[in-house]
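What follows is the content of entry_34.tsv (TSV, N, CA and C atoms).
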chain	number	residue	atom	x	y	z
A	1	MET	N	0.84	-1.19	0.00
A	1	MET	CA	0.00	0.00	0.00
A	1	MET	C	0.89	1.25	0.00
A	2	LYS	N	0.54	2.18	-0.86
A	2	LYS	CA	1.24	3.45	-0.93
A	2	LYS	C	0.36	4.54	-0.35
A	3	SER	N	0.99	5.56	0.20
A	3	SER	CA	0.25	6.69	0.76
A	3	SER	C	0.70	7.97	0.07
A	4	TYR	N	-0.25	8.83	-0.20
A	4	TYR	CA	0.00	10.09	-0.91
A	4	TYR	C	-0.65	11.25	-0.16
A	5	THR	N	-0.21	12.45	-0.46
A	5	THR	CA	-0.84	13.66	0.08
A	5	THR	C	-1.27	14.55	-1.07
A	6	VAL	N	-2.34	15.28	-0.85
A	6	VAL	CA	-2.77	16.37	-1.72
A	6	VAL	C	-3.04	17.55	-0.80
A	7	GLY	N	-2.35	18.65	-1.03
A	7	GLY	CA	-2.47	19.80	-0.15
A	7	GLY	C	-2.99	21.03	-0.86
A	8	PHE	N	-3.86	21.73	-0.16
A	8	PHE	CA	-4.44	22.97	-0.69
A	8	PHE	C	-3.92	24.14	0.14
A	9	VAL	N	-3.09	24.96	-0.49
A	9	VAL	CA	-2.56	26.16	0.13
A	9	VAL	C	-3.53	27.29	-0.18
A	10	ILE	N	-4.12	27.87	0.86
A	10	ILE	CA	-5.06	28.97	0.73
A	10	ILE	C	-4.33	30.26	1.09
A	11	ASN	N	-4.53	31.31	0.30
A	11	ASN	CA	-3.84	32.57	0.62
A	11	ASN	C	-4.47	33.22	1.85
A	12	LYS	N	-3.76	34.22	2.40
A	12	LYS	CA	-4.17	34.80	3.69
A	12	LYS	C	-5.52	35.52	3.64
A	13	SER	N	-5.98	35.94	2.47
A	13	SER	CA	-7.30	36.57	2.37
A	13	SER	C	-8.41	35.54	2.16
A	14	HIS	N	-8.04	34.27	2.10
A	14	HIS	CA	-8.97	33.15	1.93
A	14	HIS	C	-9.72	33.21	0.60
A	15	LYS	N	-9.13	33.82	-0.40
A	15	LYS	CA	-9.80	33.95	-1.70
A	15	LYS	C	-9.15	33.12	-2.80
A	16	LEU	N	-7.90	32.67	-2.61
A	16	LEU	CA	-7.18	31.96	-3.66
A	16	LEU	C	-6.64	30.63	-3.14
A	17	VAL	N	-6.52	29.67	-4.06
A	17	VAL	CA	-5.92	28.37	-3.74
A	17	VAL	C	-4.82	28.10	-4.76
A	18	LEU	N	-3.72	27.53	-4.28
A	18	LEU	CA	-2.59	27.21	-5.14
A	18	LEU	C	-2.78	25.80	-5.71
A	19	LEU	N	-2.78	25.70	-7.05
A	19	LEU	CA	-2.96	24.42	-7.73
A	19	LEU	C	-1.79	24.17	-8.67
A	20	ILE	N	-1.63	22.91	-9.04
A	20	ILE	CA	-0.54	22.51	-9.93
A	20	ILE	C	-1.13	21.85	-11.17
A	21	ASN	N	-0.58	22.20	-12.33
A	21	ASN	CA	-1.01	21.61	-13.60
A	21	ASN	C	-0.22	20.32	-13.79
A	22	LYS	N	-0.92	19.20	-13.69
A	22	LYS	CA	-0.26	17.89	-13.64
A	22	LYS	C	0.19	17.39	-15.02
A	23	ASN	N	1.39	16.84	-15.05
A	23	ASN	CA	1.91	16.13	-16.21
A	23	ASN	C	1.87	14.62	-15.99
A	24	ARG	N	1.82	14.21	-14.75
A	24	ARG	CA	1.80	12.80	-14.38
A	24	ARG	C	1.10	12.65	-13.05
A	25	PRO	N	0.56	11.50	-12.74
A	25	PRO	CA	0.46	10.32	-13.59
A	25	PRO	C	-0.39	10.58	-14.84
A	26	ALA	N	-0.37	9.63	-15.75
A	26	ALA	CA	-1.02	9.82	-17.06
A	26	ALA	C	-2.49	10.21	-16.93
A	27	TRP	N	-3.20	9.63	-15.97
A	27	TRP	CA	-4.64	9.93	-15.87
A	27	TRP	C	-4.90	11.36	-15.39
A	28	GLN	N	-3.89	12.03	-14.83
A	28	GLN	CA	-4.05	13.42	-14.39
A	28	GLN	C	-3.46	14.43	-15.37
A	29	LYS	N	-2.80	13.96	-16.44
A	29	LYS	CA	-2.11	14.86	-17.37
A	29	LYS	C	-3.08	15.92	-17.90
A	30	GLY	N	-2.69	17.20	-17.74
A	30	GLY	CA	-3.51	18.32	-18.19
A	30	GLY	C	-4.56	18.77	-17.18
A	31	ALA	N	-4.68	18.06	-16.06
A	31	ALA	CA	-5.65	18.43	-15.02
A	31	ALA	C	-4.94	19.24	-13.93
A	32	LEU	N	-5.74	19.93	-13.14
A	32	LEU	CA	-5.21	20.67	-11.99
A	32	LEU	C	-5.48	19.88	-10.72
A	33	ASN	N	-4.57	20.00	-9.77
A	33	ASN	CA	-4.72	19.30	-8.50
A	33	ASN	C	-4.01	20.13	-7.43
A	34	GLY	N	-4.22	19.75	-6.18
A	34	GLY	CA	-3.44	20.33	-5.11
A	34	GLY	C	-2.01	19.84	-5.20
A	35	LEU	N	-1.12	20.45	-4.48
A	35	LEU	CA	0.27	20.02	-4.47
A	35	LEU	C	0.40	18.78	-3.60
A	36	GLY	N	1.50	18.07	-3.73
A	36	GLY	CA	1.69	16.90	-2.88
A	36	GLY	C	2.42	15.79	-3.60
A	37	GLY	N	2.32	14.59	-3.04
A	37	GLY	CA	2.99	13.45	-3.64
A	37	GLY	C	3.03	12.28	-2.69
A	38	ARG	N	3.87	11.33	-3.04
A	38	ARG	CA	4.00	10.10	-2.28
A	38	ARG	C	4.73	10.35	-0.96
A	39	LEU	N	4.20	9.75	0.10
A	39	LEU	CA	4.86	9.84	1.40
A	39	LEU	C	6.11	8.97	1.42
A	40	GLN	N	7.14	9.48	2.04
A	40	GLN	CA	8.35	8.70	2.23
A	40	GLN	C	8.15	7.79	3.44
A	41	GLU	N	8.96	6.75	3.53
A	41	GLU	CA	8.85	5.80	4.62
A	41	GLU	C	8.95	6.51	5.97
A	42	SER	N	8.07	6.19	6.88
A	42	SER	CA	7.99	6.73	8.24
A	42	SER	C	7.62	8.22	8.30
A	43	GLU	N	7.17	8.79	7.20
A	43	GLU	CA	6.78	10.20	7.16
A	43	GLU	C	5.28	10.31	7.42
A	44	THR	N	4.87	11.29	8.24
A	44	THR	CA	3.45	11.52	8.47
A	44	THR	C	2.88	12.32	7.29
A	45	PRO	N	1.55	12.30	7.10
A	45	PRO	CA	0.96	13.12	6.05
A	45	PRO	C	1.33	14.60	6.19
A	46	ASN	N	1.34	15.11	7.41
A	46	ASN	CA	1.69	16.52	7.61
A	46	ASN	C	3.14	16.82	7.23
A	47	GLU	N	4.04	15.93	7.59
A	47	GLU	CA	5.44	16.10	7.21
A	47	GLU	C	5.61	16.01	5.70
A	48	GLY	N	4.91	15.06	5.09
A	48	GLY	CA	5.01	14.85	3.66
A	48	GLY	C	4.50	16.03	2.85
A	49	ILE	N	3.38	16.61	3.26
A	49	ILE	CA	2.84	17.74	2.49
A	49	ILE	C	3.72	18.97	2.67
A	50	ALA	N	4.25	19.18	3.84
A	50	ALA	CA	5.15	20.33	4.05
A	50	ALA	C	6.38	20.18	3.14
A	51	ARG	N	6.94	18.98	3.06
A	51	ARG	CA	8.11	18.73	2.20
A	51	ARG	C	7.73	18.93	0.72
A	52	SER	N	6.59	18.39	0.30
A	52	SER	CA	6.18	18.49	-1.10
A	52	SER	C	5.90	19.92	-1.53
A	53	VAL	N	5.26	20.70	-0.69
A	53	VAL	CA	4.95	22.09	-1.03
A	53	VAL	C	6.23	22.90	-1.17
A	54	ASN	N	7.19	22.62	-0.31
A	54	ASN	CA	8.48	23.31	-0.45
A	54	ASN	C	9.17	22.92	-1.76
A	55	ARG	N	9.12	21.64	-2.09
A	55	ARG	CA	9.79	21.15	-3.30
A	55	ARG	C	9.09	21.64	-4.57
A	56	GLU	N	7.77	21.71	-4.57
A	56	GLU	CA	7.02	22.07	-5.78
A	56	GLU	C	6.79	23.57	-5.95
A	57	ALA	N	6.73	24.30	-4.83
A	57	ALA	CA	6.35	25.72	-4.91
A	57	ALA	C	7.30	26.65	-4.18
A	58	ASN	N	8.34	26.11	-3.55
A	58	ASN	CA	9.31	26.92	-2.83
A	58	ASN	C	8.67	27.74	-1.70
A	59	ILE	N	7.63	27.17	-1.10
A	59	ILE	CA	6.96	27.79	0.05
A	59	ILE	C	7.30	26.99	1.30
A	60	GLU	N	7.81	27.67	2.30
A	60	GLU	CA	8.15	27.01	3.57
A	60	GLU	C	6.92	26.95	4.47
A	61	THR	N	6.53	25.75	4.83
A	61	THR	CA	5.49	25.54	5.83
A	61	THR	C	6.03	24.51	6.80
A	62	ASN	N	5.39	24.39	7.94
A	62	ASN	CA	5.79	23.33	8.86
A	62	ASN	C	4.62	22.36	9.04
A	63	ALA	N	4.94	21.16	9.45
A	63	ALA	CA	3.94	20.10	9.55
A	63	ALA	C	2.77	20.48	10.45
A	64	GLU	N	3.04	21.25	11.49
A	64	GLU	CA	2.00	21.57	12.47
A	64	GLU	C	0.92	22.50	11.91
A	65	GLN	N	1.23	23.26	10.89
A	65	GLN	CA	0.23	24.21	10.38
A	65	GLN	C	-0.74	23.58	9.37
A	66	TRP	N	-0.51	22.33	8.98
A	66	TRP	CA	-1.40	21.64	8.05
A	66	TRP	C	-2.52	20.94	8.81
A	67	ARG	N	-3.72	20.98	8.23
A	67	ARG	CA	-4.89	20.35	8.85
A	67	ARG	C	-5.47	19.32	7.89
A	68	LYS	N	-5.66	18.12	8.39
A	68	LYS	CA	-6.25	17.06	7.57
A	68	LYS	C	-7.73	17.35	7.36
A	69	ILE	N	-8.18	17.26	6.10
A	69	ILE	CA	-9.59	17.50	5.79
A	69	ILE	C	-10.30	16.25	5.29
A	70	GLY	N	-9.55	15.19	5.06
A	70	GLY	CA	-10.17	13.95	4.62
A	70	GLY	C	-9.15	13.01	4.03
A	71	SER	N	-9.63	11.82	3.68
A	71	SER	CA	-8.78	10.84	3.01
A	71	SER	C	-9.67	9.91	2.20
A	72	ILE	N	-9.09	9.31	1.19
A	72	ILE	CA	-9.80	8.30	0.41
A	72	ILE	C	-8.87	7.13	0.17
A	73	GLU	N	-9.47	5.96	0.01
A	73	GLU	CA	-8.71	4.78	-0.35
A	73	GLU	C	-9.03	4.46	-1.80
A	74	ASN	N	-7.98	4.17	-2.57
A	74	ASN	CA	-8.15	3.92	-3.99
A	74	ASN	C	-7.22	2.78	-4.39
A	75	ASP	N	-7.78	1.64	-4.75
A	75	ASP	CA	-6.99	0.47	-5.16
A	75	ASP	C	-5.92	0.10	-4.12
A	76	GLY	N	-6.27	0.18	-2.86
A	76	GLY	CA	-5.34	-0.17	-1.79
A	76	GLY	C	-4.42	0.94	-1.34
A	77	ASP	N	-4.38	2.04	-2.10
A	77	ASP	CA	-3.57	3.20	-1.72
A	77	ASP	C	-4.42	4.19	-0.94
A	78	VAL	N	-3.78	5.02	-0.14
A	78	VAL	CA	-4.49	6.03	0.64
A	78	VAL	C	-4.02	7.41	0.20
A	79	ILE	N	-4.97	8.32	-0.02
A	79	ILE	CA	-4.65	9.71	-0.35
A	79	ILE	C	-5.18	10.57	0.79
A	80	TYR	N	-4.28	11.31	1.42
A	80	TYR	CA	-4.64	12.22	2.50
A	80	TYR	C	-4.76	13.64	1.94
A	81	PHE	N	-5.82	14.34	2.29
A	81	PHE	CA	-6.04	15.71	1.86
A	81	PHE	C	-5.84	16.63	3.05
A	82	LEU	N	-5.03	17.67	2.84
A	82	LEU	CA	-4.72	18.60	3.91
A	82	LEU	C	-4.82	20.02	3.38
A	83	THR	N	-4.95	20.97	4.29
A	83	THR	CA	-5.00	22.38	3.90
A	83	THR	C	-4.27	23.23	4.93
A	84	THR	N	-3.84	24.38	4.46
A	84	THR	CA	-3.21	25.37	5.32
A	84	THR	C	-3.47	26.75	4.73
A	85	VAL	N	-3.40	27.75	5.58
A	85	VAL	CA	-3.45	29.13	5.12
A	85	VAL	C	-2.01	29.65	5.12
A	86	TYR	N	-1.61	30.19	3.97
A	86	TYR	CA	-0.26	30.72	3.82
A	86	TYR	C	-0.28	32.21	4.11
A	87	ASP	N	0.50	32.64	5.10
A	87	ASP	CA	0.51	34.04	5.53
A	87	ASP	C	1.43	34.93	4.69
A	88	GLY	N	2.23	34.32	3.84
A	88	GLY	CA	3.14	35.09	3.00
A	88	GLY	C	2.40	35.68	1.79
A	89	GLU	N	3.16	36.17	0.86
A	89	GLU	CA	2.61	36.77	-0.35
A	89	GLU	C	2.44	35.71	-1.43
A	90	THR	N	1.40	35.85	-2.25
A	90	THR	CA	1.17	34.87	-3.32
A	90	THR	C	2.36	34.82	-4.28
A	91	ALA	N	3.05	35.93	-4.45
A	91	ALA	CA	4.22	35.98	-5.34
A	91	ALA	C	5.37	35.10	-4.83
A	92	ASP	N	5.32	34.68	-3.56
A	92	ASP	CA	6.37	33.81	-3.01
A	92	ASP	C	6.36	32.44	-3.68
A	93	ALA	N	5.20	31.99	-4.14
A	93	ALA	CA	5.07	30.67	-4.76
A	93	ALA	C	5.74	30.69	-6.14
A	94	THR	N	6.67	29.79	-6.32
A	94	THR	CA	7.45	29.71	-7.55
A	94	THR	C	7.43	28.28	-8.07
A	95	THR	N	7.16	28.11	-9.35
A	95	THR	CA	7.20	26.78	-9.94
A	95	THR	C	8.62	26.22	-9.84
A	96	MET	N	8.76	25.05	-9.24
A	96	MET	CA	10.08	24.46	-9.02
A	96	MET	C	10.29	23.16	-9.81
A	97	THR	N	9.25	22.69	-10.50
A	97	THR	CA	9.34	21.44	-11.26
A	97	THR	C	8.82	21.71	-12.67
A	98	ASP	N	8.67	20.65	-13.45
A	98	ASP	CA	8.11	20.80	-14.80
A	98	ASP	C	6.59	20.94	-14.78
A	99	GLU	N	5.99	20.88	-13.61
A	99	GLU	CA	4.54	21.07	-13.47
A	99	GLU	C	4.29	22.48	-12.93
A	100	GLN	N	3.59	23.29	-13.71
A	100	GLN	CA	3.37	24.70	-13.39
A	100	GLN	C	2.38	24.86	-12.24
A	101	ILE	N	2.66	25.81	-11.34
A	101	ILE	CA	1.73	26.14	-10.26
A	101	ILE	C	1.09	27.49	-10.55
A	102	GLU	N	-0.12	27.67	-10.02
A	102	GLU	CA	-0.84	28.93	-10.23
A	102	GLU	C	-1.92	29.08	-9.16
A	103	TRP	N	-2.17	30.33	-8.78
A	103	TRP	CA	-3.25	30.64	-7.83
A	103	TRP	C	-4.57	30.77	-8.59
A	104	PHE	N	-5.63	30.20	-8.05
A	104	PHE	CA	-6.96	30.28	-8.65
A	104	PHE	C	-7.97	30.75	-7.60
A	105	PRO	N	-9.02	31.50	-8.05
A	105	PRO	CA	-10.03	31.95	-7.10
A	105	PRO	C	-10.86	30.77	-6.57
A	106	LEU	N	-11.03	30.73	-5.27
A	106	LEU	CA	-11.85	29.67	-4.66
A	106	LEU	C	-13.30	29.73	-5.12
A	107	LYS	N	-13.77	30.93	-5.44
A	107	LYS	CA	-15.17	31.08	-5.85
A	107	LYS	C	-15.43	30.57	-7.27
A	108	ASN	N	-14.37	30.39	-8.05
A	108	ASN	CA	-14.54	30.00	-9.44
A	108	ASN	C	-13.46	28.98	-9.81
A	109	LEU	N	-13.59	27.77	-9.26
A	109	LEU	CA	-12.58	26.74	-9.50
A	109	LEU	C	-12.62	26.25	-10.94
A	110	PRO	N	-11.48	25.98	-11.53
A	110	PRO	CA	-11.43	25.54	-12.93
A	110	PRO	C	-12.13	24.19	-13.13
A	111	SER	N	-12.67	24.00	-14.31
A	111	SER	CA	-13.36	22.75	-14.63
A	111	SER	C	-12.38	21.59	-14.78
A	112	THR	N	-11.11	21.87	-14.95
A	112	THR	CA	-10.10	20.82	-15.14
A	112	THR	C	-9.53	20.30	-13.82
A	113	LEU	N	-10.12	20.70	-12.71
A	113	LEU	CA	-9.68	20.22	-11.40
A	113	LEU	C	-10.01	18.74	-11.26
A	114	VAL	N	-9.06	17.95	-10.73
A	114	VAL	CA	-9.29	16.52	-10.49
A	114	VAL	C	-10.54	16.38	-9.62
A	115	PRO	N	-11.49	15.49	-10.00
A	115	PRO	CA	-12.78	15.41	-9.29
A	115	PRO	C	-12.69	15.24	-7.78
A	116	TYR	N	-11.82	14.35	-7.27
A	116	TYR	CA	-11.78	14.17	-5.82
A	116	TYR	C	-11.26	15.42	-5.12
A	117	SER	N	-10.39	16.17	-5.79
A	117	SER	CA	-9.90	17.42	-5.20
A	117	SER	C	-10.98	18.49	-5.21
A	118	LYS	N	-11.80	18.50	-6.24
A	118	LYS	CA	-12.91	19.44	-6.30
A	118	LYS	C	-13.85	19.21	-5.12
A	119	LYS	N	-14.12	17.95	-4.81
A	119	LYS	CA	-14.98	17.61	-3.67
A	119	LYS	C	-14.37	18.08	-2.35
A	120	MET	N	-13.08	17.83	-2.17
A	120	MET	CA	-12.41	18.23	-0.92
A	120	MET	C	-12.33	19.76	-0.82
A	121	LEU	N	-12.10	20.44	-1.93
A	121	LEU	CA	-12.03	21.91	-1.89
A	121	LEU	C	-13.39	22.53	-1.59
A	122	SER	N	-14.46	21.87	-2.01
A	122	SER	CA	-15.79	22.41	-1.69
A	122	SER	C	-16.00	22.38	-0.18
A	123	GLN	N	-15.46	21.39	0.49
A	123	GLN	CA	-15.53	21.32	1.96
A	123	GLN	C	-14.72	22.46	2.58
A	124	VAL	N	-13.52	22.71	2.05
A	124	VAL	CA	-12.67	23.80	2.55
A	124	VAL	C	-13.39	25.12	2.39
A	125	LYS	N	-14.01	25.35	1.23
A	125	LYS	CA	-14.71	26.60	0.98
A	125	LYS	C	-15.82	26.86	2.00
A	126	LYS	N	-16.55	25.81	2.37
A	126	LYS	CA	-17.63	25.95	3.37
A	126	LYS	C	-17.07	26.36	4.72
A	127	GLU	N	-15.91	25.81	5.08
A	127	GLU	CA	-15.33	26.06	6.39
A	127	GLU	C	-14.73	27.46	6.53
A	128	ILE	N	-14.31	28.07	5.43
A	128	ILE	CA	-13.63	29.37	5.56
A	128	ILE	C	-14.53	30.55	5.22
A	129	LYS	N	-15.81	30.29	4.99
A	129	LYS	CA	-16.73	31.40	4.70
A	129	LYS	C	-16.90	32.30	5.90

This entry written out as structure tokens:
Amino acid sequence: MKSYTVGFVINKSHKLVLLINKNRPAWQKGALNGLGGRLQESETPNEGIARSVNREANIETNAEQWRKIGSIENDGDVIYFLTTVYDGETADATTMTDEQIEWFPLKNLPSTLVPYSKKMLSQVKKEIK
């Protein structure tokens, strides 16, 4: 069984979410998703998402500031969904891989968002109103 994280970084005004344009895996190519990836051995979901966000967007967060919002099991794998509010400036986020990152308005999420992430983000939107 493999474990993964998907993290939603919300800006300090609670109006924008940071998403990544996926190139892989193949079923996500061209879709938008939260940042994240596979957990390393003995890593908690909070530690893993903090590491992934730093690697993908050059944003420093710590494990304690992430909040779990749900999880799903898919073909024996587990995907943990987490969120945090980033107190820095949106311009701090920098694409660090071949997958482009971009801020999107929470009120008007793109239609190309991965379906399970769209469901989890709708929960986040309700909580921060």

Selected residue, from A:His14, A:Lys68, A:Arg38, A:Lys126, that lies nearest to A:Lys2 when counting only N, CA and C atoms: A:Arg38

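The shortest atom-to-atom distance to A:Val6, with only N, CA and C atoms taken into account, belongs to A:Asn33 out of A:Thr90, A:Asn33, A:Thr112, A:Gln40.
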
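The nearest approach to A:Ser52 among the residues A:Leu35, A:Met1, A:Leu121, A:Ile20, with only N, CA and C atoms taken into account, belongs to A:Leu35.
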
Sel. of strand (DSSP E) residues, chain A, as a ChimeraX atom specification: /A:3-11,16-21,32-33,35-38,67-74,77-86,101-105

Residue among A:Thr61, A:Glu99, A:Ile79, A:Asn46 lying closest to A:Asn23, counting all atoms listed in the file: A:Glu99

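Picture a line from atom N of A:Leu82 to atom C of A:Ser117; it runs 10.0 Å.
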
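Across the model, the gap from atom N of A:Glu43 to atom CA of A:Asn58 is 20.8 Å.
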
Within-8 Å shell of (-16.2, 31.4, 1.8) in input frame, all atoms listed in the file, as an MDAnalysis selection string: chainID A and resid 14:15 106:107 124:129

Sel. of alpha helix (DSSP H) residues, chain A, as a ChimeraX atom specification: /A:45-57,115-127

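When only N, CA and C atoms are used to compute distances to A:Ile101, the closest of the residues A:Ala26, A:Leu39, A:Val78, A:Ala57 turns out to be A:Ala57.
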
Of the listed residues A:Gly48, A:Gly30, A:Pro25, A:Gly36, that which approaches A:Gly7 most closely, counting all atoms listed in the file: A:Gly36
